[in-house]
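Q: So here's protein.cif, just mmCIF, C-alpha atoms and all ligand atoms:
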data_entry
#
loop_
_atom_site.group_PDB
_atom_site.id
_atom_site.type_symbol
_atom_site.label_atom_id
_atom_site.label_comp_id
_atom_site.auth_asym_id
_atom_site.auth_seq_id
_atom_site.Cartn_x
_atom_site.Cartn_y
_atom_site.Cartn_z
ATOM 1 C CA MET A 1 1.367 23.824 28.966
ATOM 2 C CA TRP A 2 2.476 25.763 32.068
ATOM 3 C CA PRO A 3 4.698 28.796 31.485
ATOM 4 C CA ASP A 4 7.715 27.329 33.299
ATOM 5 C CA GLU A 5 7.375 24.119 31.304
ATOM 6 C CA GLN A 6 7.102 26.142 28.131
ATOM 7 C CA SER A 7 10.452 27.784 28.785
ATOM 8 C CA SER A 8 12.180 24.538 29.744
ATOM 9 C CA GLY A 9 10.520 22.550 26.954
ATOM 10 C CA ARG A 10 9.343 20.012 29.536
ATOM 11 C CA LEU A 11 5.794 18.805 29.896
ATOM 12 C CA LYS A 12 3.929 17.899 33.085
ATOM 13 C CA ASP A 13 4.996 14.242 32.981
ATOM 14 C CA GLY A 14 8.660 15.248 32.718
ATOM 15 C CA ILE A 15 9.031 14.110 29.106
ATOM 16 C CA ASP A 16 10.495 16.843 26.933
ATOM 17 C CA GLU A 17 8.529 17.956 23.903
ATOM 18 C CA LYS A 18 10.901 16.571 21.302
ATOM 19 C CA THR A 19 11.056 13.127 22.920
ATOM 20 C CA PHE A 20 7.278 13.081 23.139
ATOM 21 C CA LYS A 21 6.881 14.172 19.501
ATOM 22 C CA ASP A 22 9.347 11.530 18.326
ATOM 23 C CA SER A 23 7.515 8.824 20.257
ATOM 24 C CA VAL A 24 4.126 9.427 18.560
ATOM 25 C CA ILE A 25 3.341 6.857 15.884
ATOM 26 C CA ILE A 26 0.319 7.311 13.624
ATOM 27 C CA ARG A 27 -0.881 4.005 12.227
ATOM 28 C CA ARG A 28 -3.971 2.157 11.089
ATOM 29 C CA PHE A 29 -6.725 1.440 13.595
ATOM 30 C CA MET A 30 -6.568 -2.319 14.294
ATOM 31 C CA PRO A 31 -9.346 -4.425 15.881
ATOM 32 C CA GLU A 32 -7.198 -4.814 19.018
ATOM 33 C CA ASP A 33 -7.271 -0.999 19.487
ATOM 34 C CA LEU A 34 -11.028 -1.026 19.988
ATOM 35 C CA ASP A 35 -11.098 -1.244 23.813
ATOM 36 C CA ALA A 36 -8.563 1.557 24.236
ATOM 37 C CA ALA A 37 -10.403 3.741 21.714
ATOM 38 C CA LEU A 38 -13.732 3.141 23.432
ATOM 39 C CA GLU A 39 -12.182 4.122 26.751
ATOM 40 C CA ILE A 40 -10.952 7.401 25.227
ATOM 41 C CA ASP A 41 -14.347 7.926 23.618
ATOM 42 C CA GLN A 42 -15.989 7.634 27.051
ATOM 43 C CA GLU A 43 -13.432 9.932 28.665
ATOM 44 C CA VAL A 44 -14.223 12.681 26.157
ATOM 45 C CA PHE A 45 -17.982 12.004 26.280
ATOM 46 C CA GLY A 46 -18.265 10.756 22.714
ATOM 47 C CA GLY A 47 -20.595 7.874 23.477
ATOM 48 C CA TYR A 48 -20.388 6.261 20.053
ATOM 49 C CA ASP A 49 -21.562 2.711 19.488
ATOM 50 C CA PRO A 50 -18.664 0.176 19.321
ATOM 51 C CA ASN A 51 -20.142 -1.098 16.046
ATOM 52 C CA ILE A 52 -19.407 2.275 14.468
ATOM 53 C CA PHE A 53 -15.728 1.898 15.322
ATOM 54 C CA ALA A 54 -15.712 -1.637 13.897
ATOM 55 C CA ALA A 55 -17.402 -0.436 10.700
ATOM 56 C CA PHE A 56 -14.693 2.193 10.279
ATOM 57 C CA TYR A 57 -11.698 -0.080 10.657
ATOM 58 C CA GLU A 58 -13.320 -2.727 8.485
ATOM 59 C CA TYR A 59 -14.734 -0.567 5.685
ATOM 60 C CA HIS A 60 -12.455 2.499 5.833
ATOM 61 C CA PRO A 61 -9.118 1.021 6.954
ATOM 62 C CA ILE A 62 -6.963 3.594 5.158
ATOM 63 C CA SER A 63 -8.530 6.564 6.911
ATOM 64 C CA SER A 64 -9.174 5.079 10.372
ATOM 65 C CA LEU A 65 -6.065 5.780 12.419
ATOM 66 C CA VAL A 66 -4.697 5.708 15.937
ATOM 67 C CA ALA A 67 -1.890 7.660 17.561
ATOM 68 C CA GLU A 68 0.277 5.375 19.660
ATOM 69 C CA VAL A 69 2.633 6.638 22.362
ATOM 70 C CA GLY A 70 4.877 4.139 24.135
ATOM 71 C CA GLY A 71 2.602 1.273 23.133
ATOM 72 C CA GLN A 72 -0.546 3.037 24.387
ATOM 73 C CA VAL A 73 -3.366 4.386 22.220
ATOM 74 C CA ALA A 74 -3.326 8.152 22.808
ATOM 75 C CA GLY A 75 -5.982 9.127 20.277
ATOM 76 C CA PHE A 76 -7.747 8.192 17.095
ATOM 77 C CA VAL A 77 -9.424 9.598 14.026
ATOM 78 C CA LEU A 78 -12.187 7.957 12.020
ATOM 79 C CA GLY A 79 -12.502 9.222 8.464
ATOM 80 C CA PHE A 80 -14.008 8.068 5.201
ATOM 81 C CA LYS A 81 -14.266 9.124 1.583
ATOM 82 C CA HIS A 82 -17.946 9.661 0.981
ATOM 83 C CA LEU A 83 -18.172 11.470 -2.349
ATOM 84 C CA PRO A 84 -15.884 11.059 -5.315
ATOM 85 C CA PHE A 85 -13.724 13.964 -4.213
ATOM 86 C CA GLU A 86 -14.533 14.456 -0.525
ATOM 87 C CA GLY A 87 -12.889 13.083 2.618
ATOM 88 C CA ARG A 88 -15.011 13.297 5.750
ATOM 89 C CA VAL A 89 -13.683 13.309 9.312
ATOM 90 C CA PHE A 90 -16.294 11.530 11.388
ATOM 91 C CA TRP A 91 -14.691 11.595 14.838
ATOM 92 C CA LEU A 92 -11.389 12.685 16.338
ATOM 93 C CA ALA A 93 -10.468 12.202 19.975
ATOM 94 C CA VAL A 94 -7.310 12.409 22.067
ATOM 95 C CA LYS A 95 -6.974 10.946 25.563
ATOM 96 C CA PRO A 96 -7.195 13.829 28.047
ATOM 97 C CA GLY A 97 -3.680 13.226 29.439
ATOM 98 C CA TYR A 98 -2.228 13.512 25.930
ATOM 99 C CA GLN A 99 -4.114 16.593 24.768
ATOM 100 C CA ASN A 100 -2.471 19.914 23.811
ATOM 101 C CA ARG A 101 0.712 18.198 22.648
ATOM 102 C CA GLY A 102 0.027 18.088 18.930
ATOM 103 C CA VAL A 103 -1.485 14.580 18.780
ATOM 104 C CA GLY A 104 -4.813 15.780 17.369
ATOM 105 C CA MET A 105 -3.055 17.807 14.715
ATOM 106 C CA ARG A 106 -0.830 14.860 13.742
ATOM 107 C CA LEU A 107 -3.885 12.613 13.365
ATOM 108 C CA MET A 108 -5.608 15.249 11.211
ATOM 109 C CA LEU A 109 -2.535 15.780 9.014
ATOM 110 C CA GLU A 110 -2.212 12.054 8.402
ATOM 111 C CA VAL A 111 -5.885 11.471 7.650
ATOM 112 C CA MET A 112 -5.829 14.368 5.166
ATOM 113 C CA LYS A 113 -2.759 12.872 3.495
ATOM 114 C CA ARG A 114 -4.640 9.608 3.160
ATOM 115 C CA PHE A 115 -7.769 11.327 1.815
ATOM 116 C CA ARG A 116 -5.552 12.899 -0.844
ATOM 117 C CA ARG A 117 -4.128 9.489 -1.693
ATOM 118 C CA LEU A 118 -7.697 8.240 -2.120
ATOM 119 C CA GLY A 119 -8.373 11.024 -4.629
ATOM 120 C CA ALA A 120 -10.236 13.498 -2.405
ATOM 121 C CA LEU A 121 -9.910 17.205 -3.172
ATOM 122 C CA ASN A 122 -11.620 18.539 -0.017
ATOM 123 C CA ALA A 123 -11.959 17.471 3.602
ATOM 124 C CA THR A 124 -15.096 18.245 5.592
ATOM 125 C CA LEU A 125 -16.138 17.756 9.190
ATOM 126 C CA GLU A 126 -18.746 18.853 11.632
ATOM 127 C CA VAL A 127 -18.077 20.228 15.088
ATOM 128 C CA ARG A 128 -20.284 21.277 17.995
ATOM 129 C CA VAL A 129 -20.854 25.019 18.112
ATOM 130 C CA SER A 130 -19.647 24.957 21.761
ATOM 131 C CA ASN A 131 -16.397 23.089 20.972
ATOM 132 C CA LYS A 132 -14.123 26.101 20.639
ATOM 133 C CA LYS A 133 -10.936 24.109 21.128
ATOM 134 C CA ALA A 134 -11.626 21.773 18.195
ATOM 135 C CA GLN A 135 -12.763 24.729 16.062
ATOM 136 C CA ALA A 136 -9.487 26.550 16.841
ATOM 137 C CA LEU A 137 -7.487 23.483 15.890
ATOM 138 C CA TYR A 138 -9.353 23.061 12.604
ATOM 139 C CA SER A 139 -9.120 26.774 11.761
ATOM 140 C CA SER A 140 -5.379 26.711 12.407
ATOM 141 C CA MET A 141 -5.202 23.884 9.868
ATOM 142 C CA GLY A 142 -7.017 25.836 7.152
ATOM 143 C CA PHE A 143 -10.605 24.668 7.695
ATOM 144 C CA HIS A 144 -13.298 27.314 7.349
ATOM 145 C CA MET A 145 -16.982 27.266 8.151
ATOM 146 C CA ILE A 146 -19.242 26.495 5.206
ATOM 147 C CA GLY A 147 -22.552 25.881 6.957
ATOM 148 C CA VAL A 148 -24.574 25.460 10.118
ATOM 149 C CA CYS A 149 -26.806 22.495 10.967
ATOM 150 C CA PRO A 150 -29.262 23.328 13.793
ATOM 151 C CA ALA A 151 -30.106 20.418 16.135
ATOM 152 C CA TYR A 152 -27.567 18.184 14.382
ATOM 153 C CA TYR A 153 -26.613 16.320 17.573
ATOM 154 C CA SER A 154 -28.981 14.105 19.565
ATOM 155 C CA ASP A 155 -28.928 16.592 22.475
ATOM 156 C CA GLY A 156 -30.133 19.345 20.145
ATOM 157 C CA GLU A 157 -26.826 21.154 19.757
ATOM 158 C CA THR A 158 -25.996 22.898 16.494
ATOM 159 C CA ALA A 159 -23.133 21.669 14.311
ATOM 160 C CA LEU A 160 -20.812 23.868 12.287
ATOM 161 C CA ILE A 161 -19.716 22.333 9.007
ATOM 162 C CA MET A 162 -16.087 23.061 8.161
ATOM 163 C CA ARG A 163 -14.134 22.360 5.014
ATOM 164 C CA ARG A 164 -10.678 22.803 3.539
ATOM 165 C CA ARG A 165 -9.083 22.010 0.235
ATOM 166 C CA LEU A 166 -6.567 19.198 0.312
HETATM 167 C C1 LIG B 1 -10.149 18.445 19.983
HETATM 168 C C2 LIG B 1 -9.054 17.462 20.309
HETATM 169 C C3 LIG B 1 -9.139 16.262 19.396
HETATM 170 C C4 LIG B 1 -7.708 18.178 20.062
HETATM 171 O O1 LIG B 1 -6.658 17.255 20.294
HETATM 172 P P1 LIG B 1 -5.240 17.731 20.844
HETATM 173 O O2 LIG B 1 -4.300 16.609 20.719
HETATM 174 O O3 LIG B 1 -5.421 18.343 22.194
HETATM 175 O O4 LIG B 1 -4.903 18.861 19.782
HETATM 176 P P2 LIG B 1 -3.481 19.521 19.507
HETATM 177 O O5 LIG B 1 -2.572 19.359 20.669
HETATM 178 O O6 LIG B 1 -2.982 19.034 18.196
HETATM 179 O O7 LIG B 1 -3.891 21.020 19.347
HETATM 180 C C5 LIG B 1 -4.584 21.666 20.425
HETATM 181 C C6 LIG B 1 -3.858 22.881 20.869
HETATM 182 O O8 LIG B 1 -2.596 22.550 21.408
HETATM 183 C C7 LIG B 1 -1.597 23.346 20.763
HETATM 184 N N1 LIG B 1 -0.393 22.500 20.648
HETATM 185 C C8 LIG B 1 -0.090 21.661 19.663
HETATM 186 N N2 LIG B 1 1.093 21.067 19.889
HETATM 187 C C9 LIG B 1 1.536 21.543 21.053
HETATM 188 C C10 LIG B 1 2.681 21.310 21.834
HETATM 189 N N3 LIG B 1 3.646 20.468 21.439
HETATM 190 N N4 LIG B 1 2.786 21.936 23.005
HETATM 191 C C11 LIG B 1 1.836 22.789 23.395
HETATM 192 N N5 LIG B 1 0.726 23.054 22.711
HETATM 193 C C12 LIG B 1 0.573 22.452 21.552
HETATM 194 C C13 LIG B 1 -2.175 23.680 19.419
HETATM 195 O O9 LIG B 1 -1.633 24.885 18.901
HETATM 196 C C14 LIG B 1 -3.600 23.841 19.758
HETATM 197 O O10 LIG B 1 -3.795 25.104 20.291
HETATM 198 P P3 LIG B 1 -5.101 25.940 20.000
HETATM 199 O O11 LIG B 1 -6.177 25.251 20.782
HETATM 200 O O12 LIG B 1 -4.762 27.279 20.476
HETATM 201 O O13 LIG B 1 -5.317 25.834 18.504
HETATM 202 C C15 LIG B 1 -9.081 17.021 21.803
HETATM 203 O O14 LIG B 1 -9.179 18.148 22.602
HETATM 204 C C16 LIG B 1 -10.234 16.085 22.107
HETATM 205 O O15 LIG B 1 -10.128 14.868 21.997
HETATM 206 N N6 LIG B 1 -11.357 16.692 22.543
HETATM 207 C C17 LIG B 1 -12.567 15.907 22.874
HETATM 208 C C18 LIG B 1 -13.198 15.300 21.650
HETATM 209 C C19 LIG B 1 -13.462 16.334 20.601
HETATM 210 O O16 LIG B 1 -13.902 17.434 20.900
HETATM 211 N N7 LIG B 1 -13.194 15.968 19.341
HETATM 212 C C20 LIG B 1 -13.412 16.831 18.203
HETATM 213 C C21 LIG B 1 -14.761 16.533 17.632
HETATM 214 S S1 LIG B 1 -15.142 17.598 16.291
#
Mind converting the file's structure to C-alpha cells?
Ligand SMILES: CC(C)(COP(=O)(O)OP(=O)(O)OC[C@H]1O[C@@H](n2cnc3c(N)ncnc32)[C@H](O)[C@@H]1OP(=O)(O)O)[C@@H](O)C(=O)NCCC(=O)NCCS
A:
Amino acid sequence: MWPDEQSSGRLKDGIDEKTFKDSVIIRRFMPEDLDAALEIDQEVFGGYDPNIFAAFYEYHPISSLVAEVGGQVAGFVLGFKHLPFEGRVFWLAVKPGYQNRGVGMRLMLEVMKRFRRLGALNATLEVRVSNKKAQALYSSMGFHMIGVCPAYYSDGETALIMRRRL
C-alpha cells in the first residue's frame, strides 16, 4: 500500500479497505474455478499440474478453498489432512493484483479452521527459503520453522518446514 493510500484507507483501485474486505468470500474450490486458479498459478510461477488441482477439490473438498472478490477468483488454498492430527497446506496463491490486502491471510485462517473441524491439532507447510513474503505471513500467523529440506523443489531450492498448533 502507498503511504497516501494508507492514510486515506483507499487502495490503488480506488476501493476502500473495508469495502474490499467485506467483498471477499472464502468458499469451497469448485470444478468451475479450475481455469481461474490455473491462471493465478501461472502468474505466480507455481506451474502445478491441473490434475493436482482436480485431485484436491475431489478428494479434499473441505480444505480446498478459493477467495472470491466480485465474482472473480482472487486466490486459493489447497490443503489436506494427511496424518490423524495434522493439516497440511499444499499450495496457497493470490492473484498479483489482489496481494497485500489480507486475502492470503483469510484463506489461511479458513483452512486452519477447517483442519480443526477435521480433527487436526497442528498445521504444517513448506515454503521456499527465498520466499520471505510468505514466511513473514506464516510467522505472523504463529507458524515457526521446524525443519529444513535441502533440494526439496525440482529446481534444487531448499524448503523450510513450518508448523503451528491449531
Ligand atoms: C504469499 C502470498 C500467498 C500472500 O498473499 P497475500 O494475499 O498477499 O497476503 P496478505 O495480504 O494476507 O499478507 C501479506 C502482507 O500484507 C499485509 N496486509 C494484510 N492485509 C492488509 C491490508 N488490508 N492492507 C495492507 N496490507 C495488508 C500483511 O500484514 C502482510 O504483510 P507482511 O508481508 O509484512 O507480513 C502471495 O504473495 C502469493 O500468492 N505469492 C506467490 C505464491 C506463493 O509464494 N505462495 C506461498 C507458497 S508457500
Q: For atom C19 of ligand LIG 1 (chain B) and atom CA of Asp22 of chain A, quote the distance in Å rounded to one decimal.
A: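 One can read the atom C19 of ligand LIG 1 (chain B) to atom CA of Asp22 of chain A distance as 23.4 Å.
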Q: Using all atoms listed in the file, find each residue in chain A having at least one atom no more than 7 Å away from ligand LIG 1 (chain B); report its shortest atom-to-atom pair and that distance in Å (one decimal), rows by chain then rising number, as a Markdown table.
A:
| residue | atom | partner | partner_atom | distance |
| --- | --- | --- | --- | --- |
| A:Met1 | CA | B:LIG1 | C11 | 5.7 |
| A:Glu17 | CA | B:LIG1 | N3 | 6.0 |
| A:Val44 | CA | B:LIG1 | C17 | 4.9 |
| A:Gly46 | CA | B:LIG1 | C18 | 6.9 |
| A:Trp91 | CA | B:LIG1 | C21 | 5.7 |
| A:Leu92 | CA | B:LIG1 | N7 | 4.8 |
| A:Ala93 | CA | B:LIG1 | O15 | 3.4 |
| A:Val94 | CA | B:LIG1 | O15 | 3.7 |
| A:Lys95 | CA | B:LIG1 | O15 | 6.2 |
| A:Pro96 | CA | B:LIG1 | O15 | 6.8 |
| A:Tyr98 | CA | B:LIG1 | O2 | 6.4 |
| A:Gln99 | CA | B:LIG1 | O3 | 3.4 |
| A:Asn100 | CA | B:LIG1 | O5 | 3.2 |
| A:Arg101 | CA | B:LIG1 | C10 | 3.8 |
| A:Gly102 | CA | B:LIG1 | O6 | 3.2 |
| A:Val103 | CA | B:LIG1 | O2 | 4.0 |
| A:Gly104 | CA | B:LIG1 | O2 | 3.5 |
| A:Met105 | CA | B:LIG1 | O6 | 3.7 |
| A:Arg106 | CA | B:LIG1 | O6 | 6.5 |
| A:Glu126 | CA | B:LIG1 | S1 | 6.0 |
| A:Val127 | CA | B:LIG1 | S1 | 4.1 |
| A:Arg128 | CA | B:LIG1 | S1 | 6.5 |
| A:Asn131 | CA | B:LIG1 | O16 | 6.2 |
| A:Lys133 | CA | B:LIG1 | O11 | 4.9 |
| A:Ala134 | CA | B:LIG1 | C1 | 4.1 |
| A:Ala136 | CA | B:LIG1 | O13 | 4.5 |
| A:Leu137 | CA | B:LIG1 | O13 | 4.1 |
| A:Ser140 | CA | B:LIG1 | O13 | 6.2 |
Q: Care to translate the PyMOL selection byres (((chain A and resi 115) around 10) and not hetatm) into actual residues of this file, as a ChimeraX atom specification?
A: /A:62-63,79-81,85-89,109-114,116-123,166
Q: Deliver the residues from the most recent selection as a file, using C-alpha atoms, as an mmCIF file, keeping the file's coordinate frame.
A:
data_model
loop_
_atom_site.group_PDB
_atom_site.id
_atom_site.type_symbol
_atom_site.label_atom_id
_atom_site.label_comp_id
_atom_site.auth_asym_id
_atom_site.auth_seq_id
_atom_site.Cartn_x
_atom_site.Cartn_y
_atom_site.Cartn_z
ATOM 1 C CA ILE A 62 -6.963 3.594 5.158
ATOM 2 C CA SER A 63 -8.530 6.564 6.911
ATOM 3 C CA GLY A 79 -12.502 9.222 8.464
ATOM 4 C CA PHE A 80 -14.008 8.068 5.201
ATOM 5 C CA LYS A 81 -14.266 9.124 1.583
ATOM 6 C CA PHE A 85 -13.724 13.964 -4.213
ATOM 7 C CA GLU A 86 -14.533 14.456 -0.525
ATOM 8 C CA GLY A 87 -12.889 13.083 2.618
ATOM 9 C CA ARG A 88 -15.011 13.297 5.750
ATOM 10 C CA VAL A 89 -13.683 13.309 9.312
ATOM 11 C CA LEU A 109 -2.535 15.780 9.014
ATOM 12 C CA GLU A 110 -2.212 12.054 8.402
ATOM 13 C CA VAL A 111 -5.885 11.471 7.650
ATOM 14 C CA MET A 112 -5.829 14.368 5.166
ATOM 15 C CA LYS A 113 -2.759 12.872 3.495
ATOM 16 C CA ARG A 114 -4.640 9.608 3.160
ATOM 17 C CA ARG A 116 -5.552 12.899 -0.844
ATOM 18 C CA ARG A 117 -4.128 9.489 -1.693
ATOM 19 C CA LEU A 118 -7.697 8.240 -2.120
ATOM 20 C CA GLY A 119 -8.373 11.024 -4.629
ATOM 21 C CA ALA A 120 -10.236 13.498 -2.405
ATOM 22 C CA LEU A 121 -9.910 17.205 -3.172
ATOM 23 C CA ASN A 122 -11.620 18.539 -0.017
ATOM 24 C CA ALA A 123 -11.959 17.471 3.602
ATOM 25 C CA LEU A 166 -6.567 19.198 0.312
#
Q: Rank A:Val73, A:Lys18, A:Leu65, A:Ile161 by their smallest atom-to-atom distance to Asp35 of chain A, using all atoms listed in the file, and report the top residue only.
A: A:Val73
Q: At a cut-off of 10 Å, using all atoms listed in the file, what residues contact Ala159 of chain A? Leave out same-chain residues fewer than 3 positions from it and give the result as number ranges by chain.
A: A: 125-131, 147-153, 156, 162
Q: Taking the file as I've supplied it (selection: the PyMOL selection byres (((chain A and resi 68) around 10) and not hetatm)), which residues are included? Please answer as a list in words.
A: Ser23, Val24, Ile25, Ile26, Arg27, Asp33, Leu65, Val66, Ala67, Val69, Gly70, Gly71, Gln72, Val73, Ala74, Gly75, Phe76 and Val103 of chain A
Q: Decode the PyMOL selection byres (((chain A and resi 57) around 10) and not hetatm) for the given file into explicit residues and return them as a VMD selection string.
A: chain A and resid 28 to 31 33 to 34 52 to 56 58 to 65 78 to 79
Q: Have a look at atom CA of Val77 of chain A and atom CA of Met108 of chain A and let me know their distance in Å, one decimal.
A: 7.4 Å
Q: Using atom CA of Tyr138 of chain A and atom CA of Arg164 of chain A as the two end points, give the distance in Å to one decimal.
A: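 One can read the atom CA of Tyr138 of chain A to atom CA of Arg164 of chain A distance as 9.2 Å.
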